[in-house]
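Asks: Quick one: the structure is below, questions incoming.
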There are 2 protein chains.
Amino acid sequence: MPGIALNEDDSHFFFTRAGKSLTEEDVDALVDQYAGTQVSHLLFCPNAMRASYASRVWDPIWRGYQPDAPDDQPLLASLTPEQRTGARRWIHTAWALDQAGIDVYARWIARARQHGISPWLSMRMNDVHNADDERCYIHSEFWRQHPEYRRIPYHFNAWPDRALDYGRSEVREHHFKLVEELAERYDFDGLELDWMRFGFHFRPGHEGEGQGVLTAFTQDVRRLLDGWEKRRGHPIRLGARVPSRPQTALGLGMDAVTWARQGLVDWLVITPFWASTEPDMPVELWKMLLAGSGVELLAGLEILLRPYPESKLFQTNSLETVRGAALSLLQRGAQRIYLFNYMDSETTLDRPEDYAPLLREVGDVKQMSSQPRRHVLTYSDTWAVGEPPAVTLPVPIPADGWHAFRLHIGPRPEQADVFAVLAFDLAQGAAGAAVALRLNGEECGMAEPVKLAAPCPAEPAWRFRVPLSALQEGYNVIEVEARAALTITWVELAINPRAG
Amino acid sequence: MPGIALNEDDSHFFFTRAGKSLTEEDVDALVDQYAGTQVSHLLFCPNAMRASYASRVWDPIWRGYQPDAPDDQPLLASLTPEQRTGARRWIHTAWALDQAGIDVYARWIARARQHGISPWLSMRMNDVHNADDERCYIHSEFWRQHPEYRRIPYHFNAWPDRALDYGRSEVREHHFKLVEELAERYDFDGLELDWMRFGFHFRPGHEGEGQGVLTAFTQDVRRLLDGWEKRRGHPIRLGARVPSRPQTALGLGMDAVTWARQGLVDWLVITPFWASTEPDMPVELWKMLLAGSGVELLAGLEILLRPYPESKLFQTNSLETVRGAALSLLQRGAQRIYLFNYMDSETTLDRPEDYAPLLREVGDVKQMSSQPRRHVLTYSDTWAVGEPPAVTLPVPIPADGWHAFRLHIGPRPEQADVFAVLAFDLAQGAAGAAVALRLNGEECGMAEPVKLAAPCPAEPAWRFRVPLSALQEGYNVIEVEARAALTITWVELAINPRAG
């Protein structure tokens, strides 16, 4: 059973447990909920630009915080009143735990081991949340004081423009200091370098030189961990999170294949950034590239499920859509499912009550295979600078035109009701009857209106019964013949297994 | 010196040498022009759906031809009068050579060896020229009599819809018969399976099963050639032409990496189909995938250079644009340049007088490095069924908006005048002054109008001087800041080396 690796970020616990004085038991309880589930690895994230613990080498999140002062204190000055209250939940809770002498990360690591869950730390290598607000409490003084260290000093379009430039030794040294402290302070099974927060580490056009820079940095980290392996008397693994496609990873300066072939990393998570789960990551290509390296390949899932970049929808996954993505990615060769932003909160899944079942299911192909699942067409949200993005939807089709879509379903069900699901832009007012569908060349049934559970398109959806004989493992091609001009905004294969 | 492999197609010679009775010397002369050039390999193509020689297992191109009948004879009935005259040049010339007892391919193979050029045959595995015209002379009776063997019996949008379905044993056997005849009849150094004529070999959605089918077919061919190696007493290589990106090749049923790792092929040509030269093929990704296999990787160039799929321009390359593509692809790790449709004719290059120099240059990095070259942004013209295409141009940019482009230039020149070149859609009437450029973060000069030699955009072009200090080997990022709303239709880096 492949199992699940779960990332606990640097703020969620403090935000969600705020407002009371926390005990060691309250801290341990975060980990306890994963005992007896399919979660085999917990990756605790200790930092963004600041650390959520009492770091001696980086700013703790509470640097400049006045516990007894009102919300309008200097550290929070740039925020709205509501934001101040929110921010303070993180800052104050982390500060109070430190005051109480409780090292949250040390406790989590120990507690995870007690439960037989492998404890890791996952360090964000270049987090730029709120980079539009220079004064935001979340930023390090290092970043604030050195605008000249940023990727793009000459304009600002998006947070990553202000990410730090790893082409500069000062930036690499600043981050290596935290790696050293984490390795000394915490006895983890593995350290993950999270290059996907936020994925942009070099000045535009300098990603080529960047490949050698990040490989050398990874070598330094591996060497450091080799030393700690001896002291700790157990292996210490090194992992990385990188973009979902090898050429894009390379184009952003992340030569993950070389890291693997040099034996620097033994854990590689391929993942979108954030904007949507990416069920169609080219796992088999990564497997070919990693063949013989012994590196464990994990498929990273995010919580949002969105059909295309401009979509106004910001819906999270349901258990059914996570099953669809996980089943496909595992069947393609991913060795474990990696959940990012899947933390215990009301907003993680479309139905909060699905959280516990999800932890007991989506790491196991056999279990998922007998359950309803949805394979939804999305897109890749991360591309190298200047690399043309490939996005499918929305697709305009002229009257009497055709378009082909493909969806990877993983294993083929023995017995199932299978439907192709489409939605159309309302502008042209097309109904389901305006199209005829084939799956892998075989005709599908007539359109029926269908009320989808979330996540779902903004427009009315139509389903078309797919003959089970047409369905096959792996990729399935849906050919749509449009009788009237229309624009397709949603494409899905819904599979409801039946007892054979 | 990597050198050049050149493909001579199945009809060009007969078309261009028509109208007189040809001698053995006339036939040999085709090969003689490549002696003493950088052409190290000549790949002669003997077939499309018919054979251009007196095949006993496939229809010769002259099947049904009446040499003494007028143009309106049955074989040519479906053509216009002009087309009939043209077609007859091919058919009659091939027929007449056979009548004269001249085996063109046998002579070419022998002649190439005399000149120290390695002779190959390149078999088109699924050619569908003119598939819209069922009665066209070019089609085989096999194809005509078996519509049920075609990929898509249920609709017709483009020629490849009527390509034969390799999922059917009858189709595989039909093609294997020709492989057997070629291997028995001709003593070549290597046989290339050209899967890029036309690149679509399975019913939509059945490409996954197709991977195993084509790998098994390739195994059969390799086994056949093993037998002929013994009889001929020399090695016989096996090659393949596949799409430029590994994931697309796989998605179309061509598992080239497995062919390489199983030792079935020792020659792999990555290439676009036809619509444009593709200077930015991910060579380094293929190198990683082929590492240790000993397979020779060739970069395939086509004759057209087009900025985007909808472009009305159908211009061929100039020597400068071929240099740009070849230099970049060789520096990325391609071991040889492969020229397809670069045959001796007035229309192959923008300036016919560049043909001879091209053959003496574009296989040699050192020679090209000192010459003017143009790196033009194009696109990939081949995608798996349902795979979203990634295309850069045209790019609309709002007023005060930004866009980043990247171009791979290969090696960095020591001394050179370097210009970024852009063109804009005329609709918005933007001039060069409407944008400011940076290359890899450094500011470029002010816009100057420039008259480009072909190939060039339909719209006026503007050039911006690039500081040499900003230029670097490999990818270079051009960031464009637009003061007014405009749409970019052409992006290029022009490099004119100076004596140091």
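Residue numbers start at 1 in each chain; chains themselves are named A, B, ... in the order of the structure tokens; ligands are numbered from 1 in the order shown.
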Taking the DSSP assignment computed from this structure's backbone, write out as an MDAnalysis selection string all residues of region 155-269 of chain A that belong to strand (DSSP E or B).
Replies: chainID A and resid 164 190:194 237:243 267:269
Asks: Restricting the output to all heavy atoms, write the selected residues as a compact mmCIF listing (two decimals), in the first residue's frame.
Replies:
```txt
# COMPACT_ATOMS: atom_id res chain seq x y z
N LEU A 164 13.67 35.82 -3.62
CA LEU A 164 15.11 36.05 -3.52
C LEU A 164 15.84 35.31 -4.65
O LEU A 164 15.39 34.26 -5.11
CB LEU A 164 15.61 35.59 -2.16
CG LEU A 164 15.10 36.47 -1.00
CD1 LEU A 164 15.28 35.77 0.34
CD2 LEU A 164 15.81 37.82 -1.01
N GLY A 190 13.90 12.85 7.70
CA GLY A 190 14.23 13.41 6.39
C GLY A 190 13.99 14.90 6.35
O GLY A 190 13.19 15.44 7.12
N LEU A 191 14.70 15.56 5.46
CA LEU A 191 14.52 16.99 5.23
C LEU A 191 14.10 17.19 3.79
O LEU A 191 14.74 16.68 2.87
CB LEU A 191 15.82 17.77 5.51
CG LEU A 191 15.76 19.28 5.23
CD1 LEU A 191 14.81 19.97 6.21
CD2 LEU A 191 17.16 19.89 5.30
N GLU A 192 13.02 17.92 3.60
CA GLU A 192 12.54 18.22 2.24
C GLU A 192 12.84 19.68 1.93
O GLU A 192 12.51 20.57 2.71
CB GLU A 192 11.04 17.96 2.15
CG GLU A 192 10.43 18.31 0.81
CD GLU A 192 8.95 17.96 0.78
OE1 GLU A 192 8.13 18.73 1.33
OE2 GLU A 192 8.63 16.88 0.23
N LEU A 193 13.50 19.91 0.80
CA LEU A 193 13.71 21.27 0.31
C LEU A 193 12.53 21.60 -0.60
O LEU A 193 12.39 21.02 -1.69
CB LEU A 193 15.04 21.37 -0.45
CG LEU A 193 16.28 20.90 0.32
CD1 LEU A 193 17.54 21.07 -0.53
CD2 LEU A 193 16.42 21.66 1.64
N ASP A 194 11.67 22.48 -0.15
CA ASP A 194 10.45 22.78 -0.91
C ASP A 194 10.72 23.93 -1.87
O ASP A 194 10.52 25.10 -1.54
CB ASP A 194 9.30 23.12 0.04
CG ASP A 194 7.99 23.30 -0.72
OD1 ASP A 194 8.02 23.27 -1.97
OD2 ASP A 194 6.94 23.47 -0.06
N ARG A 237 17.12 11.19 5.28
CA ARG A 237 16.82 11.31 3.86
C ARG A 237 16.75 12.77 3.44
O ARG A 237 16.53 13.66 4.27
CB ARG A 237 15.51 10.58 3.54
CG ARG A 237 15.54 9.11 3.92
CD ARG A 237 14.21 8.43 3.64
NE ARG A 237 13.92 8.41 2.20
CZ ARG A 237 12.77 7.94 1.70
NH1 ARG A 237 11.83 7.50 2.51
NH2 ARG A 237 12.57 7.94 0.39
N LEU A 238 16.96 13.00 2.15
CA LEU A 238 16.84 14.35 1.59
C LEU A 238 15.85 14.30 0.43
O LEU A 238 15.94 13.43 -0.43
CB LEU A 238 18.20 14.87 1.12
CG LEU A 238 18.21 16.29 0.52
CD1 LEU A 238 17.66 17.31 1.51
CD2 LEU A 238 19.63 16.67 0.09
N GLY A 239 14.90 15.22 0.46
CA GLY A 239 13.88 15.26 -0.58
C GLY A 239 13.77 16.64 -1.20
O GLY A 239 14.39 17.60 -0.74
N ALA A 240 12.97 16.72 -2.26
CA ALA A 240 12.73 18.01 -2.90
C ALA A 240 11.34 18.01 -3.53
O ALA A 240 10.85 16.96 -3.95
CB ALA A 240 13.79 18.29 -3.96
N ARG A 241 10.74 19.18 -3.57
CA ARG A 241 9.49 19.37 -4.31
C ARG A 241 9.80 20.21 -5.54
O ARG A 241 10.44 21.27 -5.43
CB ARG A 241 8.44 20.07 -3.44
CG ARG A 241 7.99 19.24 -2.24
CD ARG A 241 6.52 19.49 -1.88
NE ARG A 241 6.16 20.90 -1.94
CZ ARG A 241 4.97 21.34 -2.36
NH1 ARG A 241 4.04 20.48 -2.77
NH2 ARG A 241 4.73 22.63 -2.37
N VAL A 242 9.36 19.71 -6.70
CA VAL A 242 9.67 20.37 -7.98
C VAL A 242 8.42 20.39 -8.87
O VAL A 242 7.45 19.68 -8.60
CB VAL A 242 10.83 19.65 -8.71
CG1 VAL A 242 12.11 19.66 -7.88
CG2 VAL A 242 10.44 18.21 -9.06
N PRO A 243 8.48 21.19 -9.96
CA PRO A 243 7.33 21.26 -10.87
C PRO A 243 6.99 19.91 -11.49
O PRO A 243 7.84 19.02 -11.55
CB PRO A 243 7.77 22.26 -11.94
CG PRO A 243 8.81 23.11 -11.28
CD PRO A 243 9.52 22.16 -10.35
N TRP A 267 14.06 11.28 -2.56
CA TRP A 267 12.61 11.56 -2.40
C TRP A 267 12.32 12.74 -3.30
O TRP A 267 12.99 13.79 -3.17
CB TRP A 267 12.38 11.89 -0.93
CG TRP A 267 11.13 12.55 -0.50
CD1 TRP A 267 10.78 13.86 -0.67
CD2 TRP A 267 10.07 11.97 0.27
NE1 TRP A 267 9.58 14.12 -0.07
CE2 TRP A 267 9.12 12.98 0.52
CE3 TRP A 267 9.83 10.69 0.79
CZ2 TRP A 267 7.96 12.75 1.25
CZ3 TRP A 267 8.67 10.47 1.53
CH2 TRP A 267 7.75 11.48 1.76
N LEU A 268 11.42 12.57 -4.27
CA LEU A 268 11.11 13.65 -5.20
C LEU A 268 9.60 13.77 -5.32
O LEU A 268 8.91 12.81 -5.65
CB LEU A 268 11.74 13.37 -6.56
CG LEU A 268 11.83 14.54 -7.54
CD1 LEU A 268 12.74 15.65 -6.99
CD2 LEU A 268 12.35 14.06 -8.89
N VAL A 269 9.11 14.97 -5.01
CA VAL A 269 7.68 15.24 -5.11
C VAL A 269 7.44 16.10 -6.34
O VAL A 269 8.00 17.20 -6.44
CB VAL A 269 7.15 15.98 -3.87
CG1 VAL A 269 5.64 16.21 -3.97
CG2 VAL A 269 7.50 15.22 -2.60
```
Asks: Would you tabulate, counting only C-alpha atoms, all residues of chain A that have an atom at most 6 Å from an atom of chain B, showing the closest pair of atoms and their distance in Å to one decimal, sorted by chain then ascending number, as a tab-separated table?
Replies:
```
residue	atom	partner	partner_atom	distance
A:Pro204	CA	B:Asn440	CA	5.6
A:Gly205	CA	B:Asn440	CA	4.5
A:Leu289	CA	B:Leu289	CA	5.8
A:Gly386	CA	B:Phe405	CA	4.0
A:Pro388	CA	B:Thr392	CA	5.0
A:Pro389	CA	B:Ala390	CA	5.4
A:Ala390	CA	B:Ala390	CA	4.1
A:Val391	CA	B:Pro388	CA	5.7
A:Thr392	CA	B:Pro388	CA	5.0
A:Ala404	CA	B:Gly386	CA	4.8
A:Phe405	CA	B:Gly386	CA	4.0
A:Arg406	CA	B:Gly386	CA	4.7
A:Asn440	CA	B:Gly205	CA	4.5
A:Asn476	CA	B:Gly205	CA	5.1
A:Val477	CA	B:Gly205	CA	4.6
```
Asks: Taking N, CA and C atoms for each residue, export the selection above as a PDB file, in the first residue's frame.
Replies:
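For reference, out.pdb as written:
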```pdb
ATOM      1  N   PRO A 204      15.107  36.430 -14.298  1.00  0.00           N
ATOM      2  CA  PRO A 204      14.632  35.915 -15.589  1.00  0.00           C
ATOM      3  C   PRO A 204      15.788  35.744 -16.570  1.00  0.00           C
ATOM      4  N   GLY A 205      15.901  34.559 -17.145  1.00  0.00           N
ATOM      5  CA  GLY A 205      16.960  34.283 -18.107  1.00  0.00           C
ATOM      6  C   GLY A 205      18.205  33.683 -17.475  1.00  0.00           C
ATOM      7  N   LEU A 289      13.095   8.716 -16.264  1.00  0.00           N
ATOM      8  CA  LEU A 289      14.267   9.534 -15.943  1.00  0.00           C
ATOM      9  C   LEU A 289      14.926   9.083 -14.646  1.00  0.00           C
ATOM     10  N   GLY A 386       8.963  32.441 -19.845  1.00  0.00           N
ATOM     11  CA  GLY A 386       9.010  32.447 -21.301  1.00  0.00           C
ATOM     12  C   GLY A 386       8.577  31.149 -21.952  1.00  0.00           C
ATOM     13  N   PRO A 388       5.957  28.507 -23.211  1.00  0.00           N
ATOM     14  CA  PRO A 388       4.525  28.646 -23.507  1.00  0.00           C
ATOM     15  C   PRO A 388       3.694  27.653 -22.704  1.00  0.00           C
ATOM     16  N   PRO A 389       2.698  28.133 -21.965  1.00  0.00           N
ATOM     17  CA  PRO A 389       1.854  27.221 -21.200  1.00  0.00           C
ATOM     18  C   PRO A 389       0.909  26.443 -22.118  1.00  0.00           C
ATOM     19  N   ALA A 390       0.662  25.188 -21.765  1.00  0.00           N
ATOM     20  CA  ALA A 390      -0.299  24.362 -22.509  1.00  0.00           C
ATOM     21  C   ALA A 390      -1.560  24.258 -21.658  1.00  0.00           C
ATOM     22  N   VAL A 391      -2.640  24.817 -22.143  1.00  0.00           N
ATOM     23  CA  VAL A 391      -3.898  24.814 -21.398  1.00  0.00           C
ATOM     24  C   VAL A 391      -5.013  24.365 -22.342  1.00  0.00           C
ATOM     25  N   THR A 392      -5.879  23.481 -21.879  1.00  0.00           N
ATOM     26  CA  THR A 392      -6.922  22.944 -22.757  1.00  0.00           C
ATOM     27  C   THR A 392      -8.166  23.829 -22.802  1.00  0.00           C
ATOM     28  N   ALA A 404     -10.998  16.942 -29.568  1.00  0.00           N
ATOM     29  CA  ALA A 404     -10.671  15.739 -28.787  1.00  0.00           C
ATOM     30  C   ALA A 404     -10.036  16.151 -27.456  1.00  0.00           C
ATOM     31  N   PHE A 405     -10.484  15.509 -26.393  1.00  0.00           N
ATOM     32  CA  PHE A 405      -9.914  15.695 -25.063  1.00  0.00           C
ATOM     33  C   PHE A 405      -9.382  14.350 -24.589  1.00  0.00           C
ATOM     34  N   ARG A 406      -8.445  14.378 -23.643  1.00  0.00           N
ATOM     35  CA  ARG A 406      -8.050  13.087 -23.075  1.00  0.00           C
ATOM     36  C   ARG A 406      -7.986  13.199 -21.552  1.00  0.00           C
ATOM     37  N   ASN A 440     -12.958   6.901 -27.037  1.00  0.00           N
ATOM     38  CA  ASN A 440     -12.048   5.982 -27.719  1.00  0.00           C
ATOM     39  C   ASN A 440     -12.690   5.409 -28.984  1.00  0.00           C
ATOM     40  N   ASN A 476      -7.978   8.006 -21.896  1.00  0.00           N
ATOM     41  CA  ASN A 476      -9.196   7.816 -22.664  1.00  0.00           C
ATOM     42  C   ASN A 476      -9.470   9.110 -23.424  1.00  0.00           C
ATOM     43  N   VAL A 477      -9.795   8.970 -24.704  1.00  0.00           N
ATOM     44  CA  VAL A 477     -10.029  10.147 -25.542  1.00  0.00           C
ATOM     45  C   VAL A 477     -11.528  10.367 -25.743  1.00  0.00           C
TER      46      VAL A 477
END
```
Asks: Mind listing the alpha helix (DSSP H) residues of region 312-366 of chain A, per DSSP on the backbone, as number ranges by chain?
Replies: A: 319-331, 355-359, 365-366
Asks: With only C-alpha atoms as the atoms that count, which of B:Ser78, B:Thr277, B:Gln83, B:Thr489 lies nearest to Ala430 (chain B)?
Replies: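 The answer is B:Thr489, which sits nearest to Ala430 (chain B).
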Asks: Work out how far apart CA of Arg351 (chain B) and CA of Glu414 (chain B) are and give it in Å to one decimal.
Replies: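 Going from CA of Arg351 (chain B) over to CA of Glu414 (chain B) covers 28.1 Å.
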Asks: Can you pull out the residues contacting Gly101 (chain B)? Cut-off 10 Å, using only C-alpha atoms, and skip same-chain residues under 5 positions away; I want them as a list in words.
Replies: Glu24, Trp95 and Ala96 of chain B
Asks: Quick one: residues within 8 Å of region 129-146 of chain A, only C-alpha atoms, excluding same-chain residues fewer than 6 positions away - as an mmCIF file with all heavy atoms, in the first residue's frame?
Replies:
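So the final result, stored in around05.cif, reads:
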```cif
data_model
loop_
_atom_site.group_PDB
_atom_site.id
_atom_site.type_symbol
_atom_site.label_atom_id
_atom_site.label_comp_id
_atom_site.auth_asym_id
_atom_site.auth_seq_id
_atom_site.Cartn_x
_atom_site.Cartn_y
_atom_site.Cartn_z
ATOM 1 N N ALA A 48 8.362 30.218 6.626
ATOM 2 C CA ALA A 48 8.157 30.862 5.327
ATOM 3 C C ALA A 48 9.376 31.773 5.196
ATOM 4 O O ALA A 48 10.494 31.286 5.086
ATOM 5 C CB ALA A 48 6.844 31.615 5.273
ATOM 6 N N MET A 49 9.217 33.101 5.295
ATOM 7 C CA MET A 49 10.404 33.972 5.387
ATOM 8 C C MET A 49 10.880 34.081 6.826
ATOM 9 O O MET A 49 12.014 34.480 7.090
ATOM 10 C CB MET A 49 10.081 35.364 4.865
ATOM 11 C CG MET A 49 10.366 35.554 3.406
ATOM 12 S SD MET A 49 10.448 37.309 3.046
ATOM 13 C CE MET A 49 9.608 37.325 1.484
ATOM 14 N N ARG A 50 9.975 33.764 7.733
ATOM 15 C CA ARG A 50 10.358 33.715 9.149
ATOM 16 C C ARG A 50 10.157 32.300 9.650
ATOM 17 O O ARG A 50 9.549 31.472 8.975
ATOM 18 C CB ARG A 50 9.484 34.686 9.961
ATOM 19 C CG ARG A 50 9.726 36.156 9.664
ATOM 20 C CD ARG A 50 8.866 37.027 10.549
ATOM 21 N NE ARG A 50 9.293 38.428 10.510
ATOM 22 C CZ ARG A 50 9.054 39.301 11.479
ATOM 23 N NH1 ARG A 50 8.413 38.932 12.591
ATOM 24 N NH2 ARG A 50 9.449 40.562 11.381
ATOM 25 N N TRP A 58 17.352 32.851 12.025
ATOM 26 C CA TRP A 58 16.325 33.564 11.248
ATOM 27 C C TRP A 58 15.388 34.292 12.217
ATOM 28 O O TRP A 58 15.358 33.964 13.412
ATOM 29 C CB TRP A 58 15.501 32.587 10.399
ATOM 30 C CG TRP A 58 16.054 32.295 9.039
ATOM 31 C CD1 TRP A 58 17.367 32.336 8.662
ATOM 32 C CD2 TRP A 58 15.310 31.905 7.886
ATOM 33 N NE1 TRP A 58 17.479 31.994 7.337
ATOM 34 C CE2 TRP A 58 16.231 31.723 6.838
ATOM 35 C CE3 TRP A 58 13.957 31.678 7.631
ATOM 36 C CZ2 TRP A 58 15.830 31.322 5.547
ATOM 37 C CZ3 TRP A 58 13.552 31.285 6.360
ATOM 38 C CH2 TRP A 58 14.498 31.112 5.323
ATOM 39 N N ASP A 59 14.608 35.229 11.673
ATOM 40 C CA ASP A 59 13.616 35.911 12.515
ATOM 41 C C ASP A 59 12.496 34.941 12.876
ATOM 42 O O ASP A 59 11.894 34.339 11.982
ATOM 43 C CB ASP A 59 12.996 37.085 11.759
ATOM 44 C CG ASP A 59 14.055 38.058 11.251
ATOM 45 O OD1 ASP A 59 15.055 38.258 11.959
ATOM 46 O OD2 ASP A 59 13.885 38.575 10.129
ATOM 47 N N ILE A 61 8.643 34.237 13.869
ATOM 48 C CA ILE A 61 7.444 34.923 13.388
ATOM 49 C C ILE A 61 7.056 36.059 14.356
ATOM 50 O O ILE A 61 6.453 37.054 13.947
ATOM 51 C CB ILE A 61 6.275 33.925 13.192
ATOM 52 C CG1 ILE A 61 5.100 34.580 12.466
ATOM 53 C CG2 ILE A 61 5.848 33.279 14.499
ATOM 54 C CD1 ILE A 61 5.423 35.006 11.037
ATOM 55 N N LEU A 75 4.318 46.133 14.278
ATOM 56 C CA LEU A 75 4.493 44.911 13.469
ATOM 57 C C LEU A 75 3.297 44.673 12.551
ATOM 58 O O LEU A 75 3.441 44.134 11.452
ATOM 59 C CB LEU A 75 4.686 43.693 14.381
ATOM 60 C CG LEU A 75 4.896 42.343 13.676
ATOM 61 C CD1 LEU A 75 6.202 42.331 12.903
ATOM 62 C CD2 LEU A 75 4.862 41.193 14.668
ATOM 63 N N LEU A 76 2.120 45.086 12.983
ATOM 64 C CA LEU A 76 0.890 44.789 12.227
ATOM 65 C C LEU A 76 0.346 46.017 11.497
ATOM 66 O O LEU A 76 -0.757 45.988 10.933
ATOM 67 C CB LEU A 76 -0.184 44.243 13.191
ATOM 68 C CG LEU A 76 0.255 43.073 14.081
ATOM 69 C CD1 LEU A 76 -0.859 42.684 15.039
ATOM 70 C CD2 LEU A 76 0.662 41.880 13.221
ATOM 71 N N ALA A 77 1.146 47.084 11.516
ATOM 72 C CA ALA A 77 0.650 48.388 11.044
ATOM 73 C C ALA A 77 0.126 48.356 9.604
ATOM 74 O O ALA A 77 -0.817 49.071 9.257
ATOM 75 C CB ALA A 77 1.752 49.433 11.175
ATOM 76 N N SER A 78 0.705 47.507 8.763
ATOM 77 C CA SER A 78 0.327 47.547 7.334
ATOM 78 C C SER A 78 -0.973 46.783 7.057
ATOM 79 O O SER A 78 -1.435 46.736 5.916
ATOM 80 C CB SER A 78 1.450 46.955 6.477
ATOM 81 O OG SER A 78 1.535 45.553 6.696
ATOM 82 N N LEU A 79 -1.518 46.141 8.064
ATOM 83 C CA LEU A 79 -2.695 45.285 7.844
ATOM 84 C C LEU A 79 -3.997 46.016 8.145
ATOM 85 O O LEU A 79 -4.022 47.018 8.857
ATOM 86 C CB LEU A 79 -2.611 44.043 8.741
ATOM 87 C CG LEU A 79 -1.347 43.200 8.663
ATOM 88 C CD1 LEU A 79 -1.467 41.998 9.580
ATOM 89 C CD2 LEU A 79 -1.056 42.764 7.234
ATOM 90 N N ALA A 158 3.749 40.145 -9.741
ATOM 91 C CA ALA A 158 3.235 39.071 -8.900
ATOM 92 C C ALA A 158 4.258 38.775 -7.798
ATOM 93 O O ALA A 158 5.441 39.087 -7.944
ATOM 94 C CB ALA A 158 2.993 37.826 -9.737
ATOM 95 N N TRP A 159 3.801 38.166 -6.712
ATOM 96 C CA TRP A 159 4.668 37.867 -5.571
ATOM 97 C C TRP A 159 6.035 37.290 -5.953
ATOM 98 O O TRP A 159 7.064 37.755 -5.458
ATOM 99 C CB TRP A 159 3.938 36.938 -4.605
ATOM 100 C CG TRP A 159 2.805 37.568 -3.844
ATOM 101 C CD1 TRP A 159 2.484 38.900 -3.778
ATOM 102 C CD2 TRP A 159 1.840 36.875 -3.023
ATOM 103 N NE1 TRP A 159 1.385 39.071 -2.974
ATOM 104 C CE2 TRP A 159 0.966 37.858 -2.493
ATOM 105 C CE3 TRP A 159 1.631 35.541 -2.676
ATOM 106 C CZ2 TRP A 159 -0.095 37.538 -1.641
ATOM 107 C CZ3 TRP A 159 0.574 35.216 -1.827
ATOM 108 C CH2 TRP A 159 -0.280 36.198 -1.314
ATOM 109 N N PRO A 160 6.081 36.291 -6.850
ATOM 110 C CA PRO A 160 7.388 35.678 -7.141
ATOM 111 C C PRO A 160 8.412 36.641 -7.758
ATOM 112 O O PRO A 160 9.616 36.373 -7.712
ATOM 113 C CB PRO A 160 7.048 34.552 -8.128
ATOM 114 C CG PRO A 160 5.623 34.219 -7.820
ATOM 115 C CD PRO A 160 4.982 35.544 -7.478
ATOM 116 N N ARG A 162 9.337 39.173 -6.470
ATOM 117 C CA ARG A 162 10.148 39.640 -5.339
ATOM 118 C C ARG A 162 10.767 38.480 -4.555
ATOM 119 O O ARG A 162 11.268 38.669 -3.439
ATOM 120 C CB ARG A 162 9.311 40.530 -4.424
ATOM 121 C CG ARG A 162 8.913 41.820 -5.112
ATOM 122 C CD ARG A 162 8.206 42.814 -4.212
ATOM 123 N NE ARG A 162 7.927 44.043 -4.961
ATOM 124 C CZ ARG A 162 7.040 44.981 -4.605
ATOM 125 N NH1 ARG A 162 6.352 44.830 -3.480
ATOM 126 N NH2 ARG A 162 6.859 46.056 -5.349
ATOM 127 N N LEU A 164 13.668 35.825 -3.621
ATOM 128 C CA LEU A 164 15.109 36.048 -3.523
ATOM 129 C C LEU A 164 15.838 35.315 -4.652
ATOM 130 O O LEU A 164 15.386 34.263 -5.113
ATOM 131 C CB LEU A 164 15.606 35.588 -2.160
ATOM 132 C CG LEU A 164 15.105 36.466 -0.998
ATOM 133 C CD1 LEU A 164 15.280 35.771 0.343
ATOM 134 C CD2 LEU A 164 15.812 37.819 -1.007
#
```
Asks: As a compact mmCIF listing (two decimals) with all heavy atoms, in the first residue's frame, please: the residues near Glu184 (chain A) (cut-off 9 Å, only C-alpha atoms, same-chain neighbours under 4 positions excluded).
Replies:
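So the final result, stored in result.txt, reads:
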```txt
# COMPACT_ATOMS: atom_id res chain seq x y z
N VAL A 179 18.99 25.68 7.24
CA VAL A 179 19.15 24.24 7.08
C VAL A 179 20.04 23.70 8.21
O VAL A 179 19.71 22.70 8.86
CB VAL A 179 19.79 23.89 5.71
CG1 VAL A 179 20.11 22.41 5.61
CG2 VAL A 179 18.86 24.31 4.58
N GLU A 180 21.16 24.39 8.47
CA GLU A 180 22.08 23.94 9.53
C GLU A 180 21.39 23.91 10.88
O GLU A 180 21.52 22.95 11.65
CB GLU A 180 23.30 24.87 9.58
CG GLU A 180 24.24 24.71 8.39
CD GLU A 180 25.39 25.71 8.44
OE1 GLU A 180 25.11 26.93 8.62
OE2 GLU A 180 26.55 25.28 8.29
N TRP A 228 25.27 14.50 10.16
CA TRP A 228 24.25 14.27 11.21
C TRP A 228 23.80 12.82 11.26
O TRP A 228 23.44 12.32 12.33
CB TRP A 228 23.07 15.22 11.04
CG TRP A 228 23.43 16.60 11.51
CD1 TRP A 228 23.74 17.68 10.74
CD2 TRP A 228 23.58 17.02 12.87
NE1 TRP A 228 24.06 18.76 11.53
CE2 TRP A 228 23.97 18.38 12.85
CE3 TRP A 228 23.43 16.38 14.11
CZ2 TRP A 228 24.20 19.11 14.01
CZ3 TRP A 228 23.66 17.10 15.26
CH2 TRP A 228 24.05 18.44 15.20
```
